[in-house]
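Shown next, in structure tokens, is the structure this report addresses.
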Amino acid sequence: MAPSPERRPLLASDDQSPDRRDDRGDENAAPRSRWRELALFTWALVATAAVIVLAVVIQHSNSTQHSSTSPAAAGSDFSSVAGGKKTGGSSPSGNGKRNLVFMVSDGMGPASLSLTRSFRQLTQDLPIDDTLTLDRHFWGTSRTRSSNSLVTDSAAGATAFSCGLKSYNGAISMLPDHKPCGTVLEAAKRAGYHTGLVVTTDITDATPACFAAHVFHRMQGDEIALHEVGHGPLGRVVDLMLGGGRCHFLPKGTPGSCRQDDIDVTKLAQEKYGWNYVDDRAGFNSLGLGKNVSLPQLGLFATTDVPFEIDRRNMADVYPSLSEMAATALAALEEATKDSEKGFFLMIEGSRIDHAGHINDPAAQVREVLEYDKTFKSVLDFIEKSDTETILVATSDHETGGLSTAWQAPSELPVYNWHPTILARANASSEYLTFLLLKHIAETGDKEDWLLRWINDELVVKHLDIHDASEVELNSIASNPALAVQLFARLVSVRARVGWSTHGHSAVDVNIYSSGGRGTEKIRGNVENTDVGKFLRGWLDLDNEVEDITKELVKKLGSKVPSQQQLEKIEKASTAFEADGLASGGFESGLYGHLL
């Protein structure tokens, strides 16, 4: 039986070829008779009537049935989920326990998929028709503009997901009139669901912040940290947080801190709000991939961002991966809700796809997308094994970098090709190479002549496997170490013939992916990013809760434009943090993890 429309990816192939008409005519055939025309007309009329009757019957059946796991209730086989799991009827709102996993691929546009697919085919010697798991669950596309710009940032993008409303760039679940808006995560917690956030960036960064905090601007990381642990207008709304961003939770003056005050948020979280806290690989391992978790659980495994996957794989004894953290969260939340009438809401972000786009590093980006694809598959596997109705919805907040799998050098004719083999040779990100460069300069004080040779031998050849770097290219790095992260990335992009139009975001539509399931037809095709947000809360039957929480937030926080003093304080904190990142080399410092 063919897959149900609710489980069938938008671009699913159809193995049945269309019927072909035999065009060979009979030279001696007589003209069509009036009787034949009448018969055809009668047949068409009966067929139309039958279709209308069938549609009415199906609509009535769907309106009277609720969630069921039987094939009869589901309507068909669900082949787009691993193993063909079935999950209930097509009514927009089912009854019973349910889980919703929402994944965000920050900064990933359609070209990132093409880049990664070809890279994977090359490095794993796969056929040209091999595709990513994401490709096989393509659902539609999303329009991304914010309320004040055709090009959104992550804060406005995540506010669209969390609140289902448009807002200005920089807003953390605040609307253009500076009123707060209730989020799907907050409403889920209020309704009895368990909740979680898993990221590879700073946990106070824009995307996770928009689900559990309300501030005027994304750079208010210190305040966001307080909201996330429960020291905010609604109390504690998150049960599990795993990622980076430890610096915003440590008091000023503590090694690794970036707070502007003396509040120890880790201590506050544990003593006042009951959080269990781990901050290193050993602590993560103690969680037993979710089998040994006591909620609420806070895990901060990096000062700012977890390193790019291309670098992290060589530091696996220090940092957990996105897929490991996601598996831990899924297992922990499933265990916590096993005896509950409610399930859980979990947001998982592949955060650093965006950062690779900002610095135009294609070698780092393909590894980030592969890890995200791996995590997406692990969620599908979880859904297949779970007895609870669960769906997965995934999309991006925006595209970053204006990526193109083609690049034409000035004064050259177009080249109809690009070279993933260049990306495959790289074993480190341009961010990590910049860290090594600045560390070397600080330790040795090398001048430009000696520095050029060291850069070429120890960084470019050793880590990028590039043996033809020109003196101009090497000199640009040696004389501009603060810009080295972009210059190292350019060495790779130019040779791979990968193009970029910006170090910021673009306005391109981004893809939506889904496991399919009850009601997911609502986000098929081309939709607004706010439609995704409205779907999330609607699928969990939380519309009323979101409205109630919004009213409560407005009452508690009020509605006022931030003062000039507040704006200056935000800018000062942001500038100080970026300067500190530059001074300490950028890697694990926040220099690149906090690009807008």
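In the structure tokens, chains take letters A, B, ... by order of appearance, with residues numbered from 1 within each chain and ligands from 1 in the order shown.
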
For Asp361 in chain A, please output as a list of chain:residue names all residues within 8 Å (counting only C-alpha atoms; exclusion window: fewer than 2 positions along the same chain).
A:Ala356, A:Gly357, A:His358, A:Ile359, A:Ala363, A:Ala364, A:Gln365, A:Ser429, A:Ser430, A:Gln486, A:Ala489, A:Arg490, A:Val492, A:Ser493

Fewer than 2 positions away in the same chain doesn't count, so skip those; otherwise give me all residues within 9 Å of Tyr193 in chain A, counting only C-alpha atoms, as a tab-separated table (two decimals) with N, CA and C atoms, in the first residue's frame.
```tsv
chain	number	residue	atom	x	y	z
A	99	ASN	N	4.89	13.01	22.33
A	99	ASN	CA	6.19	13.68	22.39
A	99	ASN	C	6.41	14.47	21.11
A	185	LEU	N	7.59	25.96	24.72
A	185	LEU	CA	8.23	25.21	25.80
A	185	LEU	C	7.63	25.59	27.15
A	187	ALA	N	4.68	26.79	27.72
A	187	ALA	CA	3.31	26.28	27.77
A	187	ALA	C	3.30	24.77	27.99
A	188	ALA	N	4.25	24.09	27.36
A	188	ALA	CA	4.34	22.64	27.55
A	188	ALA	C	4.61	22.29	29.00
A	189	LYS	N	5.54	23.00	29.61
A	189	LYS	CA	5.85	22.76	31.02
A	189	LYS	C	4.64	23.04	31.90
A	190	ARG	N	3.95	24.11	31.63
A	190	ARG	CA	2.76	24.48	32.40
A	190	ARG	C	1.67	23.41	32.27
A	191	ALA	N	1.60	22.78	31.10
A	191	ALA	CA	0.57	21.78	30.85
A	191	ALA	C	0.94	20.39	31.37
A	195	THR	N	10.43	19.07	29.56
A	195	THR	CA	11.02	19.90	28.50
A	195	THR	C	12.53	19.82	28.50
A	337	THR	N	9.08	10.43	31.86
A	337	THR	CA	7.66	10.54	31.54
A	337	THR	C	6.98	9.18	31.39
A	340	SER	N	3.81	9.10	33.23
A	340	SER	CA	3.07	10.35	33.15
A	340	SER	C	2.04	10.29	32.03
A	341	GLU	N	0.97	11.06	32.19
A	341	GLU	CA	-0.02	11.17	31.13
A	341	GLU	C	0.44	12.10	30.01
A	342	LYS	N	1.47	12.87	30.30
A	342	LYS	CA	2.04	13.78	29.30
A	342	LYS	C	3.41	13.27	28.87
A	343	GLY	N	3.82	13.65	27.69
A	343	GLY	CA	5.13	13.27	27.20
A	343	GLY	C	6.12	14.40	27.39
A	344	PHE	N	6.88	14.72	26.33
A	344	PHE	CA	7.89	15.77	26.46
A	344	PHE	C	8.01	16.59	25.19
A	345	PHE	N	8.57	17.78	25.36
A	345	PHE	CA	8.95	18.65	24.24
A	345	PHE	C	10.46	18.86	24.32
```

Test item: residues at most 8 Å from Asn169 in chain A, only C-alpha atoms, excluding those fewer than 3 positions along its chain, as number ranges by chain:
A: 146-149, 152-156

Generate a file of the selected residues that holds C-alpha atoms, formatted as a short mmCIF file (atom, residue, chain, number, x, y, z; two decimals), in the first residue's frame.
```cif
data_model
loop_
_atom_site.label_atom_id
_atom_site.label_comp_id
_atom_site.auth_asym_id
_atom_site.auth_seq_id
_atom_site.Cartn_x
_atom_site.Cartn_y
_atom_site.Cartn_z
CA SER A 146 11.81 39.07 10.45
CA SER A 147 9.49 41.95 11.33
CA ASN A 148 12.14 44.59 10.60
CA SER A 149 14.33 43.02 7.92
CA THR A 152 16.51 37.59 9.77
CA ASP A 153 18.89 36.80 12.60
CA SER A 154 18.67 33.73 14.83
CA ALA A 155 16.81 35.56 17.60
CA ALA A 156 13.91 36.69 15.42
#
```

For Gly533 in chain A, find every residue with an atom within 8 Å (counting only C-alpha atoms), except residues of its own chain fewer than 3 positions away, and show them as a PyMOL selection string.
chain A and resi 160-165+184+529-530+536-537

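Secondary structure from DSSP on the backbone puts strand (DSSP E) at the following positions of range 367-592 of chain A: Glu389, Thr390, Ile391, Leu392, Val393, Ala394, Thr395, Glu399, Thr400, His505, Ser506, Val510, Asn511, Ile512, Tyr513, Ser514, Gly525, Asn526, Val527 and Glu528 of chain A.
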
Applying 6 Å and only C-alpha atoms, which residues near His137 in chain A remain after dropping the ones on its own chain fewer than 2 positions away? List them as a PyMOL selection string.
chain A and resi 9+134-135+513-514

I need the residues from that last selection saved to file as a PDB file, in the first residue's frame (with N, CA and C atoms), if you can.
```pdb
ATOM      1  N   PRO A   9       7.337  11.857   2.264  1.00  0.00           N
ATOM      2  CA  PRO A   9       8.100  13.068   1.969  1.00  0.00           C
ATOM      3  C   PRO A   9       7.584  13.747   0.710  1.00  0.00           C
ATOM      4  N   LEU A 134      18.172  13.315   5.886  1.00  0.00           N
ATOM      5  CA  LEU A 134      17.363  14.526   5.734  1.00  0.00           C
ATOM      6  C   LEU A 134      16.686  14.580   4.369  1.00  0.00           C
ATOM      7  N   ASP A 135      17.420  14.242   3.314  1.00  0.00           N
ATOM      8  CA  ASP A 135      16.862  14.278   1.964  1.00  0.00           C
ATOM      9  C   ASP A 135      15.613  13.411   1.852  1.00  0.00           C
ATOM     10  N   TYR A 513      11.910  19.528   7.343  1.00  0.00           N
ATOM     11  CA  TYR A 513      11.970  18.071   7.322  1.00  0.00           C
ATOM     12  C   TYR A 513      11.057  17.530   8.413  1.00  0.00           C
ATOM     13  N   SER A 514      10.571  16.317   8.224  1.00  0.00           N
ATOM     14  CA  SER A 514       9.692  15.750   9.246  1.00  0.00           C
ATOM     15  C   SER A 514       9.673  14.235   9.173  1.00  0.00           C
TER      16      SER A 514
END
```

Closest of A:Thr550, A:Asp125, A:Leu132, A:Val101 to Lys374 in chain A, counting only C-alpha atoms, is A:Leu132

Nearest to Ala442 in chain A, chosen from A:Gly157, A:Gly107, A:Pro481, A:Gly196, with only C-alpha atoms counted in the distances
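Smallest distance to Ala442 in chain A is found for A:Pro481.
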
Surrounding residues of Gly350 in chain A excluding itself and chain neighbours under 6 positions, 9 Å, only C-alpha atoms, as a VMD selection string:
chain A and resid 103 to 106 198 to 201 322 368 to 369 371 to 372 375

Set the distance at 12 Å and use only C-alpha atoms: which residues neighbour Gly230 in chain A once local chain neighbours fewer than 3 positions away are removed? I'd like the list as a PyMOL selection string.
chain A and resi 186+212-213+223-227+233-240+265-266+268-275+296+298

Alpha helix (DSSP H) call set, DSSP backbone run, range 395-567 of chain A, as a short mmCIF file (atom, residue, chain, number, x, y, z; two decimals) with N, CA and C atoms, in the first residue's frame:
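The resulting file, selection.cif, is shown below:
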```cif
data_model
loop_
_atom_site.label_atom_id
_atom_site.label_comp_id
_atom_site.auth_asym_id
_atom_site.auth_seq_id
_atom_site.Cartn_x
_atom_site.Cartn_y
_atom_site.Cartn_z
N PRO A 420 34.90 18.43 -3.85
CA PRO A 420 34.78 18.01 -2.45
C PRO A 420 36.03 17.37 -1.89
N THR A 421 36.91 16.89 -2.77
CA THR A 421 38.14 16.27 -2.28
C THR A 421 39.00 17.25 -1.49
N ILE A 422 38.91 18.54 -1.79
CA ILE A 422 39.65 19.56 -1.04
C ILE A 422 39.15 19.61 0.40
N LEU A 423 37.84 19.51 0.56
CA LEU A 423 37.25 19.52 1.90
C LEU A 423 37.63 18.27 2.67
N ALA A 424 37.71 17.16 1.95
CA ALA A 424 38.03 15.88 2.60
C ALA A 424 39.44 15.87 3.16
N ARG A 425 40.34 16.62 2.54
CA ARG A 425 41.74 16.63 2.99
C ARG A 425 41.94 17.42 4.28
N SER A 430 39.12 26.27 10.28
CA SER A 430 39.90 27.50 10.22
C SER A 430 39.91 28.18 11.59
N GLU A 431 38.88 27.94 12.39
CA GLU A 431 38.83 28.49 13.74
C GLU A 431 39.95 27.90 14.61
N TYR A 432 40.13 26.60 14.52
CA TYR A 432 41.16 25.95 15.33
C TYR A 432 42.56 26.35 14.84
N LEU A 433 42.72 26.49 13.52
CA LEU A 433 44.01 26.93 13.00
C LEU A 433 44.34 28.34 13.48
N THR A 434 43.34 29.18 13.59
CA THR A 434 43.56 30.53 14.10
C THR A 434 43.99 30.49 15.56
N PHE A 435 43.38 29.62 16.33
CA PHE A 435 43.78 29.43 17.71
C PHE A 435 45.25 29.01 17.80
N LEU A 436 45.66 28.05 16.96
CA LEU A 436 47.05 27.60 16.97
C LEU A 436 48.00 28.73 16.56
N LEU A 437 47.59 29.52 15.57
CA LEU A 437 48.42 30.63 15.10
C LEU A 437 48.63 31.67 16.20
N LEU A 438 47.55 32.11 16.83
CA LEU A 438 47.66 33.13 17.85
C LEU A 438 48.41 32.62 19.09
N LYS A 439 48.24 31.37 19.37
CA LYS A 439 48.97 30.75 20.48
C LYS A 439 50.48 30.74 20.17
N HIS A 440 50.82 30.40 18.93
CA HIS A 440 52.22 30.37 18.51
C HIS A 440 52.85 31.76 18.57
N ILE A 441 52.13 32.76 18.08
CA ILE A 441 52.64 34.13 18.11
C ILE A 441 52.87 34.59 19.55
N ALA A 442 51.92 34.28 20.42
CA ALA A 442 52.04 34.70 21.82
C ALA A 442 53.22 34.02 22.51
N GLU A 443 53.50 32.80 22.14
CA GLU A 443 54.57 32.03 22.80
C GLU A 443 55.95 32.30 22.23
N THR A 444 56.02 32.60 20.93
CA THR A 444 57.34 32.73 20.29
C THR A 444 57.68 34.14 19.84
N GLU A 448 57.30 38.16 10.73
CA GLU A 448 56.62 37.71 9.53
C GLU A 448 57.41 36.73 8.69
N ASP A 449 58.72 36.90 8.51
CA ASP A 449 59.50 36.01 7.65
C ASP A 449 59.45 34.57 8.16
N TRP A 450 59.78 34.40 9.44
CA TRP A 450 59.74 33.06 10.03
C TRP A 450 58.30 32.57 10.17
N LEU A 451 57.40 33.49 10.40
CA LEU A 451 56.01 33.13 10.61
C LEU A 451 55.39 32.55 9.35
N LEU A 452 55.75 33.10 8.18
CA LEU A 452 55.21 32.60 6.92
C LEU A 452 55.54 31.12 6.75
N ARG A 453 56.78 30.75 7.04
CA ARG A 453 57.19 29.35 6.88
C ARG A 453 56.45 28.46 7.87
N TRP A 454 56.30 28.94 9.10
CA TRP A 454 55.62 28.14 10.12
C TRP A 454 54.14 27.96 9.76
N LYS A 462 50.00 20.83 6.98
CA LYS A 462 49.72 19.78 7.97
C LYS A 462 48.23 19.57 8.21
N HIS A 463 47.46 20.63 8.24
CA HIS A 463 46.05 20.50 8.60
C HIS A 463 45.08 20.67 7.44
N LEU A 464 45.47 21.38 6.39
CA LEU A 464 44.59 21.56 5.24
C LEU A 464 45.03 20.74 4.03
N GLU A 471 52.65 33.07 -1.73
CA GLU A 471 53.25 33.98 -0.76
C GLU A 471 52.26 35.07 -0.36
N VAL A 472 51.45 35.52 -1.33
CA VAL A 472 50.45 36.54 -1.04
C VAL A 472 49.44 36.01 -0.02
N GLU A 473 48.99 34.77 -0.20
CA GLU A 473 48.03 34.18 0.72
C GLU A 473 48.62 34.02 2.12
N LEU A 474 49.84 33.51 2.18
CA LEU A 474 50.48 33.29 3.48
C LEU A 474 50.78 34.62 4.17
N ASN A 475 51.21 35.59 3.40
CA ASN A 475 51.53 36.89 3.98
C ASN A 475 50.29 37.59 4.52
N SER A 476 49.16 37.40 3.85
CA SER A 476 47.91 38.01 4.33
C SER A 476 47.54 37.45 5.70
N ILE A 477 47.82 36.19 5.93
CA ILE A 477 47.52 35.58 7.23
C ILE A 477 48.51 36.07 8.28
N ALA A 478 49.79 36.07 7.93
CA ALA A 478 50.83 36.47 8.89
C ALA A 478 50.68 37.93 9.31
N SER A 479 50.26 38.78 8.39
CA SER A 479 50.16 40.21 8.70
C SER A 479 48.80 40.60 9.27
N ALA A 484 42.63 35.82 10.45
CA ALA A 484 43.11 34.54 9.95
C ALA A 484 42.00 33.52 9.78
N VAL A 485 40.98 33.57 10.64
CA VAL A 485 39.92 32.57 10.56
C VAL A 485 39.23 32.60 9.20
N GLN A 486 39.04 33.78 8.65
CA GLN A 486 38.42 33.90 7.34
C GLN A 486 39.42 33.57 6.23
N LEU A 487 40.68 33.92 6.45
CA LEU A 487 41.70 33.70 5.42
C LEU A 487 42.05 32.22 5.26
N PHE A 488 42.11 31.48 6.37
CA PHE A 488 42.31 30.04 6.28
C PHE A 488 41.15 29.38 5.55
N ALA A 489 39.94 29.83 5.87
CA ALA A 489 38.76 29.26 5.22
C ALA A 489 38.77 29.56 3.72
N ARG A 490 39.25 30.73 3.36
CA ARG A 490 39.29 31.09 1.95
C ARG A 490 40.25 30.20 1.17
N LEU A 491 41.36 29.81 1.80
CA LEU A 491 42.29 28.89 1.14
C LEU A 491 41.57 27.62 0.67
N VAL A 492 40.69 27.13 1.54
CA VAL A 492 39.95 25.90 1.22
C VAL A 492 38.87 26.17 0.18
N SER A 493 38.09 27.22 0.39
CA SER A 493 36.96 27.50 -0.51
C SER A 493 37.40 27.74 -1.94
N VAL A 494 38.45 28.52 -2.12
CA VAL A 494 38.91 28.85 -3.47
C VAL A 494 39.34 27.59 -4.22
N ARG A 495 40.08 26.74 -3.54
CA ARG A 495 40.55 25.52 -4.21
C ARG A 495 39.45 24.51 -4.44
N ALA A 496 38.45 24.52 -3.56
CA ALA A 496 37.31 23.62 -3.75
C ALA A 496 36.28 24.20 -4.71
N ASN A 529 7.79 31.01 8.55
CA ASN A 529 8.42 30.40 9.73
C ASN A 529 7.50 30.43 10.95
N THR A 530 6.63 31.42 11.01
CA THR A 530 5.66 31.47 12.12
C THR A 530 4.65 30.33 12.04
N ASP A 531 4.39 29.82 10.84
CA ASP A 531 3.50 28.67 10.70
C ASP A 531 4.08 27.44 11.37
N VAL A 532 5.40 27.31 11.32
CA VAL A 532 6.07 26.21 12.02
C VAL A 532 5.84 26.35 13.52
N GLY A 533 6.03 27.56 14.05
CA GLY A 533 5.82 27.80 15.46
C GLY A 533 4.39 27.52 15.89
N LYS A 534 3.43 27.96 15.07
CA LYS A 534 2.02 27.71 15.40
C LYS A 534 1.70 26.22 15.36
N PHE A 535 2.35 25.51 14.43
CA PHE A 535 2.11 24.07 14.36
C PHE A 535 2.62 23.37 15.63
N LEU A 536 3.79 23.76 16.12
CA LEU A 536 4.37 23.11 17.30
C LEU A 536 3.42 23.19 18.49
N ARG A 537 2.94 24.37 18.79
CA ARG A 537 2.07 24.52 19.95
C ARG A 537 0.69 23.92 19.69
N GLY A 538 0.23 23.97 18.43
CA GLY A 538 -1.06 23.38 18.10
C GLY A 538 -1.04 21.87 18.21
N TRP A 539 0.07 21.24 17.80
CA TRP A 539 0.15 19.79 17.84
C TRP A 539 0.11 19.27 19.28
N ASP A 543 -2.44 26.02 22.53
CA ASP A 543 -2.79 27.39 22.13
C ASP A 543 -3.29 28.22 23.31
N ASN A 544 -4.17 27.65 24.09
CA ASN A 544 -4.73 28.39 25.23
C ASN A 544 -3.65 28.68 26.28
N GLU A 545 -2.79 27.67 26.52
CA GLU A 545 -1.72 27.86 27.51
C GLU A 545 -0.75 28.96 27.08
N VAL A 546 -0.42 29.02 25.78
CA VAL A 546 0.48 30.07 25.29
C VAL A 546 -0.15 31.44 25.51
N GLU A 547 -1.43 31.57 25.24
CA GLU A 547 -2.11 32.86 25.45
C GLU A 547 -2.12 33.25 26.92
N ASP A 548 -2.39 32.29 27.79
CA ASP A 548 -2.42 32.57 29.23
C ASP A 548 -1.04 33.00 29.74
N ILE A 549 0.00 32.30 29.27
CA ILE A 549 1.36 32.64 29.70
C ILE A 549 1.77 34.01 29.18
N THR A 550 1.37 34.34 27.96
CA THR A 550 1.67 35.66 27.40
C THR A 550 1.06 36.75 28.27
N LYS A 551 -0.18 36.58 28.68
CA LYS A 551 -0.84 37.56 29.56
C LYS A 551 -0.10 37.67 30.89
N GLU A 552 0.32 36.54 31.42
CA GLU A 552 1.05 36.54 32.69
C GLU A 552 2.38 37.27 32.55
N LEU A 553 3.08 37.02 31.45
CA LEU A 553 4.38 37.67 31.22
C LEU A 553 4.22 39.18 31.06
N VAL A 554 3.21 39.61 30.32
CA VAL A 554 2.98 41.05 30.13
C VAL A 554 2.70 41.70 31.48
N LYS A 555 1.95 41.03 32.31
CA LYS A 555 1.61 41.57 33.63
C LYS A 555 2.85 41.69 34.50
N LYS A 556 3.75 40.70 34.40
CA LYS A 556 4.93 40.69 35.26
C LYS A 556 6.07 41.56 34.73
N LEU A 557 6.26 41.54 33.41
CA LEU A 557 7.38 42.26 32.81
C LEU A 557 6.99 43.62 32.26
N GLN A 564 18.09 53.99 27.02
CA GLN A 564 19.39 54.17 26.41
C GLN A 564 20.48 53.57 27.27
N GLN A 565 20.32 53.67 28.59
CA GLN A 565 21.30 53.09 29.52
C GLN A 565 21.35 51.57 29.37
N GLN A 566 20.19 50.94 29.22
CA GLN A 566 20.15 49.49 29.03
C GLN A 566 20.82 49.09 27.73
N LEU A 567 20.52 49.84 26.66
CA LEU A 567 21.12 49.53 25.36
C LEU A 567 22.64 49.69 25.41
#
```
